[in-house]
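So the structure is just underneath, and the comments pick up after that.
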Amino acid sequence: MAYVRRAYVAMDTRIELAGWREGVSERELAQALDDAVGVFYEVESAATRFRPDSDVARIAAEPGAWVRVSPHVWYPLQAALWLAEWTGGRFDPACGHRLAALGFDRDYQTGERLSLPECSPDATFRDLELDPARMAVRTRRPLLLDLGAVAKGYAVDLALARLRGVSLDGALVNAGGDLAVFGLGPGGSPWEIAVRHEMPGFRPMVLNLSSGSVCSSGLYARRGPNGASHLWQPRGGRARALAATAVAPYAMMADGLATACMLVEPDEIEPLCEDAGGQAKVWYEDGTSVETREWGTGVLA
């Protein structure tokens, strides 16, 4: 049996791929992992807001014009817009200019500051128009998309699909806490996934997973130069969420849920996850937590 783990850097995070298979060499397996990680670079080049030739940048540069986009933007955008609609705009992919104003405006590879297009300060996801037949996007007002809450999970799903396509017995893809697996681990048992949140008093959890995804989000994860969180919150709620972990059959939805569950009210978490086909647990500033009824079961089986 060959078992290989490889690490890479893409989408401003550490990417780890692992896989095993009977009857192949470690060299063959390593090549399969190297091939699969390529999807992260493909998604990043299309969906980033930091490169002038990306689809996201072209949409911002051409307000009012129809812009045909890659599937690597189209499908994450569909998930983001569903979450935006469900949450009434608390989750909003049209928040790129707001994040840039908070200090998230530098390319992680070059350190160069983003050259911002002129954006309407109150633009929202409702200013987007979609043409499914052409896979095209048009904005009614100038805006800058940020697909960071779903694009990484989408890339995880694509990488895992590539590994399924080469008939591995089991594989894991982890992109900075956005993780998905299929099959059993190399020891013949479900993959043991450790969940850690960098918060006072948090006790690490171990989830056993043989198929599906676990994704996490937290206010501690990324900070701007002035200490601002990477989660733009358009309005306050009854409780301030510090971190969330979501599980779902696919990483794109688990990724989005982990963010959206931090932006909705505690009593909205259950119906949101039910509609999305996932489960979640959210931790709050006052030391309390909320979890869905089926947390720890169902998609974790």
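We name chains A, B, ... following the order of the structure tokens; residues begin at 1 in each chain, and ligands are numbered from 1 as shown.
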Write down as a compact mmCIF listing (two decimals) with all heavy atoms, in the first residue's frame the residues of stretch 2-203 of chain A whose backbone DSSP state falls under helix (DSSP H, G or I).
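What ended up in states_12.txt:
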```txt
# COMPACT_ATOMS: atom_id res chain seq x y z
N GLU A 26 4.62 4.98 -4.46
CA GLU A 26 4.51 6.30 -3.86
C GLU A 26 4.73 7.39 -4.91
O GLU A 26 4.12 8.46 -4.84
CB GLU A 26 5.52 6.45 -2.72
CG GLU A 26 5.18 5.61 -1.50
CD GLU A 26 6.07 5.94 -0.32
OE1 GLU A 26 6.95 6.82 -0.46
OE2 GLU A 26 5.89 5.32 0.75
N ARG A 27 5.57 7.12 -5.87
CA ARG A 27 5.82 8.11 -6.93
C ARG A 27 4.55 8.36 -7.74
O ARG A 27 4.23 9.52 -8.05
CB ARG A 27 6.94 7.62 -7.84
CG ARG A 27 7.29 8.57 -8.97
CD ARG A 27 8.44 8.03 -9.81
NE ARG A 27 8.77 8.93 -10.91
CZ ARG A 27 9.71 8.70 -11.80
NH1 ARG A 27 10.45 7.59 -11.70
NH2 ARG A 27 9.94 9.54 -12.77
N GLU A 28 3.84 7.30 -8.10
CA GLU A 28 2.59 7.46 -8.85
C GLU A 28 1.56 8.22 -8.04
O GLU A 28 0.84 9.09 -8.55
CB GLU A 28 2.04 6.10 -9.24
CG GLU A 28 2.84 5.34 -10.28
CD GLU A 28 2.30 3.94 -10.49
OE1 GLU A 28 2.36 3.12 -9.55
OE2 GLU A 28 1.80 3.69 -11.61
N LEU A 29 1.50 7.92 -6.76
CA LEU A 29 0.54 8.57 -5.89
C LEU A 29 0.87 10.06 -5.71
O LEU A 29 -0.02 10.92 -5.75
CB LEU A 29 0.50 7.86 -4.54
CG LEU A 29 -0.62 8.23 -3.57
CD1 LEU A 29 -1.98 8.17 -4.26
CD2 LEU A 29 -0.60 7.31 -2.36
N ALA A 30 2.15 10.35 -5.54
CA ALA A 30 2.56 11.76 -5.40
C ALA A 30 2.22 12.54 -6.66
O ALA A 30 1.80 13.71 -6.58
CB ALA A 30 4.06 11.83 -5.11
N GLN A 31 2.37 11.92 -7.83
CA GLN A 31 2.03 12.60 -9.08
C GLN A 31 0.54 12.90 -9.14
O GLN A 31 0.12 13.96 -9.61
CB GLN A 31 2.45 11.75 -10.28
CG GLN A 31 2.22 12.42 -11.62
CD GLN A 31 3.01 13.72 -11.76
OE1 GLN A 31 4.23 13.71 -11.64
NE2 GLN A 31 2.33 14.82 -12.03
N ALA A 32 -0.28 11.96 -8.65
CA ALA A 32 -1.73 12.18 -8.63
C ALA A 32 -2.10 13.37 -7.74
O ALA A 32 -2.97 14.17 -8.09
CB ALA A 32 -2.44 10.91 -8.16
N LEU A 33 -1.43 13.48 -6.60
CA LEU A 33 -1.69 14.61 -5.71
C LEU A 33 -1.24 15.92 -6.35
O LEU A 33 -1.94 16.94 -6.27
CB LEU A 33 -0.99 14.40 -4.37
CG LEU A 33 -1.37 13.15 -3.56
CD1 LEU A 33 -0.62 13.13 -2.24
CD2 LEU A 33 -2.87 13.07 -3.33
N ASP A 34 -0.07 15.90 -6.99
CA ASP A 34 0.42 17.11 -7.66
C ASP A 34 -0.52 17.56 -8.78
O ASP A 34 -0.72 18.76 -9.00
CB ASP A 34 1.82 16.87 -8.23
CG ASP A 34 2.89 16.75 -7.15
OD1 ASP A 34 2.63 17.13 -5.99
OD2 ASP A 34 4.00 16.27 -7.48
N ASP A 35 -1.09 16.60 -9.48
CA ASP A 35 -2.04 16.94 -10.54
C ASP A 35 -3.32 17.53 -9.95
O ASP A 35 -3.88 18.50 -10.48
CB ASP A 35 -2.38 15.70 -11.37
CG ASP A 35 -1.21 15.21 -12.21
OD1 ASP A 35 -0.26 16.00 -12.41
OD2 ASP A 35 -1.24 14.05 -12.64
N ALA A 36 -3.78 16.95 -8.85
CA ALA A 36 -5.05 17.40 -8.26
C ALA A 36 -4.96 18.81 -7.70
O ALA A 36 -5.92 19.58 -7.76
CB ALA A 36 -5.49 16.42 -7.17
N GLY A 38 -3.62 21.29 -8.80
CA GLY A 38 -3.69 22.31 -9.84
C GLY A 38 -5.01 23.06 -9.87
O GLY A 38 -5.05 24.22 -10.31
N VAL A 39 -6.09 22.43 -9.42
CA VAL A 39 -7.38 23.11 -9.46
C VAL A 39 -7.39 24.34 -8.56
O VAL A 39 -8.11 25.31 -8.83
CB VAL A 39 -8.55 22.17 -9.09
CG1 VAL A 39 -8.62 20.99 -10.04
CG2 VAL A 39 -8.45 21.69 -7.66
N PHE A 40 -6.60 24.33 -7.49
CA PHE A 40 -6.55 25.50 -6.61
C PHE A 40 -6.00 26.72 -7.35
O PHE A 40 -6.51 27.83 -7.18
CB PHE A 40 -5.71 25.21 -5.37
CG PHE A 40 -6.41 24.37 -4.36
CD1 PHE A 40 -6.25 22.98 -4.34
CD2 PHE A 40 -7.24 24.95 -3.41
CE1 PHE A 40 -6.90 22.20 -3.41
CE2 PHE A 40 -7.89 24.17 -2.48
CZ PHE A 40 -7.73 22.80 -2.47
N TYR A 41 -4.99 26.51 -8.16
CA TYR A 41 -4.42 27.61 -8.93
C TYR A 41 -5.38 28.07 -10.02
O TYR A 41 -5.46 29.27 -10.32
CB TYR A 41 -3.08 27.20 -9.51
CG TYR A 41 -2.12 26.67 -8.46
CD1 TYR A 41 -1.74 25.34 -8.43
CD2 TYR A 41 -1.65 27.52 -7.45
CE1 TYR A 41 -0.88 24.86 -7.45
CE2 TYR A 41 -0.80 27.04 -6.47
CZ TYR A 41 -0.41 25.71 -6.47
OH TYR A 41 0.42 25.24 -5.48
N GLU A 42 -6.12 27.14 -10.60
CA GLU A 42 -7.11 27.49 -11.62
C GLU A 42 -8.23 28.34 -11.01
O GLU A 42 -8.63 29.37 -11.58
CB GLU A 42 -7.70 26.23 -12.24
CG GLU A 42 -6.70 25.38 -13.02
CD GLU A 42 -7.27 24.02 -13.38
OE1 GLU A 42 -8.51 23.86 -13.30
OE2 GLU A 42 -6.49 23.12 -13.75
N VAL A 43 -8.76 27.90 -9.86
CA VAL A 43 -9.84 28.65 -9.21
C VAL A 43 -9.34 30.01 -8.75
O VAL A 43 -10.02 31.03 -8.92
CB VAL A 43 -10.41 27.84 -8.03
CG1 VAL A 43 -11.42 28.68 -7.24
CG2 VAL A 43 -11.07 26.56 -8.52
N GLU A 44 -8.13 30.03 -8.18
CA GLU A 44 -7.59 31.29 -7.69
C GLU A 44 -7.44 32.31 -8.82
O GLU A 44 -7.78 33.49 -8.66
CB GLU A 44 -6.24 31.05 -7.03
CG GLU A 44 -5.61 32.31 -6.43
CD GLU A 44 -4.33 32.02 -5.68
OE1 GLU A 44 -3.65 31.02 -6.00
OE2 GLU A 44 -4.01 32.78 -4.75
N SER A 45 -6.95 31.88 -9.98
CA SER A 45 -6.72 32.82 -11.07
C SER A 45 -8.02 33.43 -11.58
O SER A 45 -8.03 34.56 -12.07
CB SER A 45 -5.97 32.13 -12.22
OG SER A 45 -6.77 31.13 -12.80
N ALA A 46 -9.13 32.69 -11.47
CA ALA A 46 -10.41 33.20 -11.96
C ALA A 46 -11.17 33.98 -10.91
O ALA A 46 -11.82 34.99 -11.22
CB ALA A 46 -11.28 32.04 -12.44
N ALA A 47 -11.08 33.54 -9.64
CA ALA A 47 -11.99 34.06 -8.61
C ALA A 47 -11.36 35.08 -7.68
O ALA A 47 -12.06 35.68 -6.87
CB ALA A 47 -12.54 32.89 -7.78
N ASP A 55 -11.67 36.95 -13.49
CA ASP A 55 -13.07 37.23 -13.84
C ASP A 55 -13.69 38.22 -12.86
O ASP A 55 -14.48 39.09 -13.26
CB ASP A 55 -13.87 35.93 -13.83
CG ASP A 55 -13.53 35.01 -14.99
OD1 ASP A 55 -12.76 35.45 -15.88
OD2 ASP A 55 -14.01 33.87 -15.01
N VAL A 56 -13.36 38.09 -11.58
CA VAL A 56 -13.90 38.99 -10.57
C VAL A 56 -13.45 40.43 -10.85
O VAL A 56 -14.25 41.38 -10.75
CB VAL A 56 -13.46 38.54 -9.17
CG1 VAL A 56 -13.68 39.65 -8.13
CG2 VAL A 56 -14.23 37.29 -8.76
N ALA A 57 -12.19 40.61 -11.22
CA ALA A 57 -11.70 41.95 -11.53
C ALA A 57 -12.34 42.51 -12.80
O ALA A 57 -12.64 43.71 -12.89
CB ALA A 57 -10.18 41.93 -11.69
N ARG A 58 -12.59 41.64 -13.78
CA ARG A 58 -13.21 42.11 -15.02
C ARG A 58 -14.66 42.55 -14.77
O ARG A 58 -15.13 43.53 -15.37
CB ARG A 58 -13.16 41.01 -16.08
CG ARG A 58 -11.76 40.73 -16.61
CD ARG A 58 -11.78 39.86 -17.84
NE ARG A 58 -12.40 38.56 -17.64
CZ ARG A 58 -13.55 38.18 -18.18
NH1 ARG A 58 -14.21 38.99 -18.98
NH2 ARG A 58 -14.04 36.97 -17.94
N ILE A 59 -15.36 41.84 -13.90
CA ILE A 59 -16.73 42.25 -13.56
C ILE A 59 -16.72 43.64 -12.93
O ILE A 59 -17.53 44.51 -13.26
CB ILE A 59 -17.38 41.23 -12.61
CG1 ILE A 59 -17.61 39.90 -13.33
CG2 ILE A 59 -18.69 41.76 -12.04
CD1 ILE A 59 -17.98 38.76 -12.40
N ALA A 60 -15.76 43.87 -12.03
CA ALA A 60 -15.66 45.17 -11.36
C ALA A 60 -15.27 46.28 -12.34
O ALA A 60 -15.71 47.43 -12.19
CB ALA A 60 -14.64 45.09 -10.23
N ALA A 61 -14.46 45.94 -13.32
CA ALA A 61 -13.96 46.95 -14.25
C ALA A 61 -14.97 47.33 -15.33
O ALA A 61 -14.79 48.35 -16.00
CB ALA A 61 -12.67 46.45 -14.91
N PRO A 71 -16.49 28.67 -15.09
CA PRO A 71 -17.25 27.89 -14.10
C PRO A 71 -16.68 28.05 -12.69
O PRO A 71 -17.42 27.90 -11.71
CB PRO A 71 -17.09 26.45 -14.60
CG PRO A 71 -16.82 26.58 -16.06
CD PRO A 71 -16.02 27.83 -16.22
N HIS A 72 -15.39 28.37 -12.59
CA HIS A 72 -14.77 28.53 -11.28
C HIS A 72 -15.23 29.79 -10.56
O HIS A 72 -14.97 29.96 -9.36
CB HIS A 72 -13.25 28.56 -11.42
CG HIS A 72 -12.66 27.30 -11.98
ND1 HIS A 72 -13.26 26.07 -11.84
CD2 HIS A 72 -11.52 27.08 -12.70
CE1 HIS A 72 -12.52 25.15 -12.44
NE2 HIS A 72 -11.48 25.73 -12.97
N VAL A 73 -15.90 30.67 -11.26
CA VAL A 73 -16.57 31.82 -10.64
C VAL A 73 -18.08 31.58 -10.60
O VAL A 73 -18.74 31.86 -9.59
CB VAL A 73 -16.25 33.12 -11.39
CG1 VAL A 73 -17.17 34.26 -10.96
CG2 VAL A 73 -14.81 33.51 -11.15
N TRP A 74 -18.62 31.04 -11.67
CA TRP A 74 -20.07 30.88 -11.79
C TRP A 74 -20.63 30.01 -10.66
O TRP A 74 -21.61 30.40 -10.00
CB TRP A 74 -20.41 30.27 -13.14
CG TRP A 74 -21.88 30.12 -13.37
CD1 TRP A 74 -22.62 28.98 -13.24
CD2 TRP A 74 -22.79 31.15 -13.76
NE1 TRP A 74 -23.94 29.23 -13.52
CE2 TRP A 74 -24.07 30.55 -13.84
CE3 TRP A 74 -22.66 32.51 -14.03
CZ2 TRP A 74 -25.21 31.28 -14.19
CZ3 TRP A 74 -23.79 33.24 -14.38
CH2 TRP A 74 -25.05 32.62 -14.46
N TYR A 75 -20.05 28.86 -10.42
CA TYR A 75 -20.64 27.95 -9.43
C TYR A 75 -20.46 28.42 -7.99
O TYR A 75 -21.42 28.39 -7.21
CB TYR A 75 -20.11 26.53 -9.65
CG TYR A 75 -20.60 25.93 -10.95
CD1 TYR A 75 -19.71 25.64 -11.98
CD2 TYR A 75 -21.95 25.71 -11.16
CE1 TYR A 75 -20.17 25.13 -13.19
CE2 TYR A 75 -22.42 25.19 -12.36
CZ TYR A 75 -21.53 24.91 -13.38
OH TYR A 75 -21.99 24.41 -14.58
N PRO A 76 -19.28 28.91 -7.59
CA PRO A 76 -19.20 29.51 -6.25
C PRO A 76 -20.15 30.69 -6.08
O PRO A 76 -20.73 30.88 -5.01
CB PRO A 76 -17.74 29.94 -6.15
CG PRO A 76 -17.01 29.02 -7.06
CD PRO A 76 -17.95 28.79 -8.21
N LEU A 77 -20.34 31.48 -7.13
CA LEU A 77 -21.24 32.62 -7.04
C LEU A 77 -22.68 32.16 -6.80
O LEU A 77 -23.43 32.81 -6.05
CB LEU A 77 -21.15 33.47 -8.31
CG LEU A 77 -22.01 34.73 -8.34
CD1 LEU A 77 -21.67 35.66 -7.19
CD2 LEU A 77 -21.84 35.46 -9.69
N GLN A 78 -23.09 31.05 -7.42
CA GLN A 78 -24.44 30.54 -7.18
C GLN A 78 -24.64 30.19 -5.71
O GLN A 78 -25.67 30.52 -5.10
CB GLN A 78 -24.71 29.29 -8.03
CG GLN A 78 -24.52 29.47 -9.52
CD GLN A 78 -25.22 30.67 -10.07
OE1 GLN A 78 -26.45 30.79 -9.97
NE2 GLN A 78 -24.46 31.59 -10.63
N ALA A 79 -23.66 29.52 -5.11
CA ALA A 79 -23.76 29.17 -3.69
C ALA A 79 -23.79 30.42 -2.83
O ALA A 79 -24.55 30.52 -1.87
CB ALA A 79 -22.59 28.27 -3.29
N ALA A 80 -22.93 31.40 -3.17
CA ALA A 80 -22.87 32.64 -2.40
C ALA A 80 -24.19 33.40 -2.48
O ALA A 80 -24.66 33.96 -1.47
CB ALA A 80 -21.72 33.50 -2.88
N LEU A 81 -24.80 33.45 -3.64
CA LEU A 81 -26.05 34.18 -3.80
C LEU A 81 -27.20 33.48 -3.08
O LEU A 81 -28.11 34.14 -2.56
CB LEU A 81 -26.38 34.36 -5.28
CG LEU A 81 -25.45 35.31 -6.04
CD1 LEU A 81 -25.80 35.34 -7.52
CD2 LEU A 81 -25.50 36.71 -5.44
N TRP A 82 -27.18 32.16 -3.04
CA TRP A 82 -28.20 31.44 -2.27
C TRP A 82 -28.09 31.80 -0.79
O TRP A 82 -29.11 32.09 -0.14
CB TRP A 82 -28.04 29.93 -2.46
CG TRP A 82 -29.13 29.15 -1.78
CD1 TRP A 82 -30.35 28.82 -2.28
CD2 TRP A 82 -29.08 28.62 -0.44
NE1 TRP A 82 -31.07 28.12 -1.34
CE2 TRP A 82 -30.32 27.98 -0.21
CE3 TRP A 82 -28.13 28.62 0.58
CZ2 TRP A 82 -30.63 27.35 1.00
CZ3 TRP A 82 -28.43 28.01 1.79
CH2 TRP A 82 -29.66 27.37 2.00
N LEU A 83 -26.87 31.81 -0.26
CA LEU A 83 -26.68 32.17 1.13
C LEU A 83 -27.03 33.64 1.38
O LEU A 83 -27.58 33.99 2.43
CB LEU A 83 -25.24 31.89 1.55
CG LEU A 83 -24.88 30.41 1.69
CD1 LEU A 83 -23.36 30.23 1.75
CD2 LEU A 83 -25.53 29.81 2.94
N ALA A 84 -26.70 34.50 0.43
CA ALA A 84 -27.04 35.92 0.57
C ALA A 84 -28.55 36.11 0.64
O ALA A 84 -29.05 36.88 1.47
CB ALA A 84 -26.45 36.71 -0.60
N GLU A 85 -29.27 35.42 -0.23
CA GLU A 85 -30.73 35.53 -0.23
C GLU A 85 -31.30 35.00 1.07
O GLU A 85 -32.18 35.62 1.69
CB GLU A 85 -31.30 34.77 -1.42
CG GLU A 85 -32.76 35.06 -1.71
CD GLU A 85 -33.00 36.47 -2.20
OE1 GLU A 85 -32.28 36.93 -3.09
OE2 GLU A 85 -33.93 37.12 -1.67
N TRP A 86 -30.80 33.85 1.50
CA TRP A 86 -31.34 33.23 2.73
C TRP A 86 -31.12 34.14 3.93
O TRP A 86 -32.00 34.28 4.79
CB TRP A 86 -30.67 31.88 2.98
CG TRP A 86 -31.47 30.96 3.87
CD1 TRP A 86 -32.21 29.90 3.47
CD2 TRP A 86 -31.60 31.04 5.29
NE1 TRP A 86 -32.80 29.30 4.55
CE2 TRP A 86 -32.45 29.98 5.69
CE3 TRP A 86 -31.11 31.89 6.27
CZ2 TRP A 86 -32.81 29.75 7.02
CZ3 TRP A 86 -31.46 31.69 7.60
CH2 TRP A 86 -32.30 30.62 7.97
N GLY A 96 -16.47 43.09 -1.52
CA GLY A 96 -15.03 43.22 -1.73
C GLY A 96 -14.49 44.59 -1.39
O GLY A 96 -13.42 44.71 -0.78
N HIS A 97 -15.23 45.65 -1.76
CA HIS A 97 -14.73 47.00 -1.47
C HIS A 97 -14.75 47.29 0.02
O HIS A 97 -13.92 48.04 0.52
CB HIS A 97 -15.54 48.04 -2.24
CG HIS A 97 -17.00 48.09 -1.91
ND1 HIS A 97 -17.87 47.08 -2.25
CD2 HIS A 97 -17.73 49.03 -1.26
CE1 HIS A 97 -19.09 47.40 -1.83
NE2 HIS A 97 -19.04 48.57 -1.23
N ARG A 98 -15.69 46.68 0.74
CA ARG A 98 -15.73 46.88 2.19
C ARG A 98 -14.57 46.17 2.88
O ARG A 98 -13.97 46.70 3.82
CB ARG A 98 -17.07 46.38 2.74
CG ARG A 98 -18.28 47.12 2.17
CD ARG A 98 -19.58 46.65 2.80
NE ARG A 98 -20.72 47.38 2.25
CZ ARG A 98 -21.48 46.94 1.25
NH1 ARG A 98 -21.19 45.77 0.67
NH2 ARG A 98 -22.49 47.64 0.81
N LEU A 99 -14.25 44.97 2.41
CA LEU A 99 -13.10 44.26 2.98
C LEU A 99 -11.80 45.00 2.68
O LEU A 99 -10.91 45.08 3.53
CB LEU A 99 -13.04 42.83 2.42
CG LEU A 99 -14.14 41.89 2.88
CD1 LEU A 99 -14.05 40.56 2.15
CD2 LEU A 99 -14.08 41.67 4.39
N ALA A 100 -11.69 45.54 1.48
CA ALA A 100 -10.49 46.31 1.12
C ALA A 100 -10.35 47.51 2.05
O ALA A 100 -9.24 47.86 2.48
CB ALA A 100 -10.55 46.74 -0.34
N ALA A 101 -11.47 48.16 2.38
CA ALA A 101 -11.44 49.33 3.26
C ALA A 101 -11.00 48.95 4.67
O ALA A 101 -10.47 49.80 5.41
CB ALA A 101 -12.81 50.00 3.29
N PHE A 125 -25.44 42.34 -3.20
CA PHE A 125 -25.64 41.22 -4.12
C PHE A 125 -26.87 41.42 -5.00
O PHE A 125 -26.97 40.83 -6.08
CB PHE A 125 -25.74 39.91 -3.35
CG PHE A 125 -27.05 39.70 -2.62
CD1 PHE A 125 -28.05 38.91 -3.16
CD2 PHE A 125 -27.28 40.31 -1.39
CE1 PHE A 125 -29.25 38.71 -2.50
CE2 PHE A 125 -28.46 40.12 -0.71
CZ PHE A 125 -29.46 39.32 -1.26
N ARG A 126 -27.80 42.24 -4.56
CA ARG A 126 -29.01 42.47 -5.35
C ARG A 126 -28.73 43.32 -6.60
O ARG A 126 -29.60 43.47 -7.46
CB ARG A 126 -30.08 43.13 -4.49
CG ARG A 126 -30.50 42.26 -3.30
CD ARG A 126 -31.73 42.78 -2.61
NE ARG A 126 -31.98 42.05 -1.38
CZ ARG A 126 -32.55 40.85 -1.29
NH1 ARG A 126 -32.91 40.23 -2.41
NH2 ARG A 126 -32.74 40.26 -0.13
N ASP A 127 -27.52 43.87 -6.68
CA ASP A 127 -27.12 44.63 -7.87
C ASP A 127 -26.50 43.74 -8.94
O ASP A 127 -25.98 44.25 -9.94
CB ASP A 127 -26.13 45.74 -7.48
CG ASP A 127 -26.79 46.81 -6.63
OD1 ASP A 127 -27.82 47.36 -7.08
OD2 ASP A 127 -26.30 47.07 -5.52
N ALA A 151 -15.20 29.98 -2.54
CA ALA A 151 -14.33 29.53 -3.63
C ALA A 151 -13.31 28.49 -3.16
O ALA A 151 -12.97 27.56 -3.91
CB ALA A 151 -13.61 30.71 -4.27
N LYS A 152 -12.81 28.66 -1.95
CA LYS A 152 -11.82 27.68 -1.46
C LYS A 152 -12.48 26.31 -1.27
O LYS A 152 -11.89 25.28 -1.63
CB LYS A 152 -11.19 28.18 -0.16
CG LYS A 152 -9.97 27.39 0.25
CD LYS A 152 -9.14 28.13 1.28
CE LYS A 152 -9.92 28.41 2.54
NZ LYS A 152 -9.09 28.97 3.63
N GLY A 153 -13.69 26.30 -0.72
CA GLY A 153 -14.40 25.03 -0.58
C GLY A 153 -14.69 24.40 -1.92
O GLY A 153 -14.60 23.17 -2.09
N TYR A 154 -15.03 25.23 -2.90
CA TYR A 154 -15.26 24.73 -4.26
C TYR A 154 -13.99 24.08 -4.80
O TYR A 154 -14.05 23.00 -5.41
CB TYR A 154 -15.69 25.91 -5.14
CG TYR A 154 -15.72 25.64 -6.62
CD1 TYR A 154 -16.76 24.93 -7.20
CD2 TYR A 154 -14.72 26.14 -7.45
CE1 TYR A 154 -16.79 24.71 -8.58
CE2 TYR A 154 -14.74 25.93 -8.83
CZ TYR A 154 -15.77 25.21 -9.38
OH TYR A 154 -15.80 24.99 -10.74
N ALA A 155 -12.84 24.70 -4.58
CA ALA A 155 -11.57 24.13 -5.05
C ALA A 155 -11.27 22.81 -4.33
O ALA A 155 -10.74 21.88 -4.94
CB ALA A 155 -10.44 25.13 -4.84
N VAL A 156 -11.60 22.73 -3.06
CA VAL A 156 -11.42 21.48 -2.31
C VAL A 156 -12.25 20.37 -2.97
O VAL A 156 -11.77 19.24 -3.17
CB VAL A 156 -11.83 21.66 -0.84
CG1 VAL A 156 -11.94 20.31 -0.13
CG2 VAL A 156 -10.83 22.55 -0.11
N ASP A 157 -13.50 20.68 -3.30
CA ASP A 157 -14.36 19.68 -3.95
C ASP A 157 -13.78 19.23 -5.29
O ASP A 157 -13.79 18.03 -5.62
CB ASP A 157 -15.75 20.26 -4.19
CG ASP A 157 -16.55 20.43 -2.90
OD1 ASP A 157 -16.33 19.66 -1.96
OD2 ASP A 157 -17.40 21.34 -2.86
N LEU A 158 -13.27 20.17 -6.08
CA LEU A 158 -12.70 19.81 -7.38
C LEU A 158 -11.46 18.93 -7.23
O LEU A 158 -11.27 17.97 -7.98
CB LEU A 158 -12.34 21.07 -8.16
CG LEU A 158 -13.48 21.90 -8.74
CD1 LEU A 158 -12.91 23.04 -9.58
CD2 LEU A 158 -14.42 21.05 -9.59
N ALA A 159 -10.60 19.30 -6.27
CA ALA A 159 -9.39 18.50 -6.05
C ALA A 159 -9.75 17.08 -5.62
O ALA A 159 -9.15 16.11 -6.09
CB ALA A 159 -8.50 19.17 -5.02
N LEU A 160 -10.72 16.97 -4.74
CA LEU A 160 -11.13 15.64 -4.28
C LEU A 160 -11.74 14.85 -5.43
O LEU A 160 -11.52 13.63 -5.55
CB LEU A 160 -12.13 15.77 -3.13
CG LEU A 160 -12.29 14.53 -2.26
CD1 LEU A 160 -11.01 14.26 -1.45
CD2 LEU A 160 -13.47 14.67 -1.31
N ALA A 161 -12.48 15.50 -6.30
CA ALA A 161 -13.06 14.81 -7.46
C ALA A 161 -11.97 14.28 -8.37
O ALA A 161 -12.10 13.18 -8.93
CB ALA A 161 -13.99 15.76 -8.21
N ARG A 162 -10.89 15.05 -8.53
CA ARG A 162 -9.78 14.56 -9.36
C ARG A 162 -9.16 13.32 -8.75
O ARG A 162 -8.77 12.38 -9.46
CB ARG A 162 -8.73 15.65 -9.52
CG ARG A 162 -9.13 16.74 -10.50
CD ARG A 162 -7.95 17.58 -10.94
NE ARG A 162 -8.36 18.61 -11.89
CZ ARG A 162 -7.52 19.47 -12.45
NH1 ARG A 162 -6.22 19.44 -12.17
NH2 ARG A 162 -7.96 20.38 -13.30
N LEU A 163 -9.06 13.29 -7.43
CA LEU A 163 -8.47 12.12 -6.77
C LEU A 163 -9.41 10.92 -6.85
O LEU A 163 -8.95 9.78 -6.96
CB LEU A 163 -8.13 12.46 -5.32
CG LEU A 163 -7.03 13.53 -5.16
CD1 LEU A 163 -6.81 13.85 -3.70
CD2 LEU A 163 -5.72 13.06 -5.80
N ARG A 164 -10.70 11.16 -6.80
CA ARG A 164 -11.64 10.07 -7.04
C ARG A 164 -11.46 9.51 -8.45
O ARG A 164 -11.57 8.30 -8.67
CB ARG A 164 -13.08 10.56 -6.89
CG ARG A 164 -13.59 10.75 -5.47
CD ARG A 164 -15.05 11.18 -5.50
NE ARG A 164 -15.60 11.44 -4.21
CZ ARG A 164 -16.15 10.52 -3.41
NH1 ARG A 164 -16.21 9.25 -3.82
NH2 ARG A 164 -16.64 10.85 -2.24
N GLY A 165 -11.19 10.40 -9.38
CA GLY A 165 -11.08 10.00 -10.78
C GLY A 165 -9.91 9.10 -11.07
O GLY A 165 -9.90 8.43 -12.12
```
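Within the 6 Å cut-off around A:Ser216, using only C-alpha atoms and omitting residues fewer than 5 positions from it on the same chain, the listed residues are Gly177, Ala244, Thr245 and Ala258 of chain A.
Considering the residues A:Tyr284, A:Pro142, A:His197, A:Glu270 and counting only C-alpha atoms, A:Arg240 has its shortest atom-to-atom contact with A:Tyr284.
With distances restricted to only C-alpha atoms, A:Leu168 is the closest residue to A:Met1 from A:Leu116, A:Met205, A:Leu128, A:Leu168.
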| field | Gap from atom CA of A:Pro249 to atom CA of A:Cys215 - Å, one decimal | value | 11.0 Å
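The residue that comes closest to A:Cys261, out of A:Glu112, A:Glu192, A:Glu118, A:Glu291 and on the basis of only C-alpha atoms, is A:Glu291.
Distance-wise, atom CA of A:Ala243 and atom CA of A:Cys95 end up 20.0 Å apart.
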Please list as a compact mmCIF listing (two decimals) with N, CA and C atoms, in the first residue's frame every residue within 7 Å of A:Leu143, counting only C-alpha atoms and excluding residues in the same chain fewer than 4 positions away.
```txt
# COMPACT_ATOMS: atom_id res chain seq x y z
N ALA A 60 -15.76 43.87 -12.03
CA ALA A 60 -15.66 45.17 -11.36
C ALA A 60 -15.27 46.28 -12.34
N ALA A 94 -20.93 40.64 -2.49
CA ALA A 94 -20.59 41.94 -3.07
C ALA A 94 -19.97 42.85 -2.02
N CYS A 119 -16.39 51.90 -6.68
CA CYS A 119 -17.52 51.06 -6.31
C CYS A 119 -18.59 51.91 -5.62
N SER A 120 -19.85 51.54 -5.82
CA SER A 120 -20.93 52.19 -5.09
C SER A 120 -20.85 51.74 -3.63
N ALA A 123 -23.54 49.20 -2.61
CA ALA A 123 -23.85 48.10 -3.53
C ALA A 123 -23.97 46.79 -2.76
```
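Compared by their closest atoms to A:Phe104, and using only C-alpha atoms, the residues A:Arg49, A:Glu62, A:Pro117, A:Asn208 rank with A:Arg49 nearest.
Picture a line from atom CA of A:Leu272 to atom CA of A:Trp295; it runs 13.6 Å.
With only C-alpha atoms as the basis for measurement, A:Leu257 is the residue among A:Val290, A:Leu242, A:Leu257, A:Ala133 that approaches A:Glu274 most closely.
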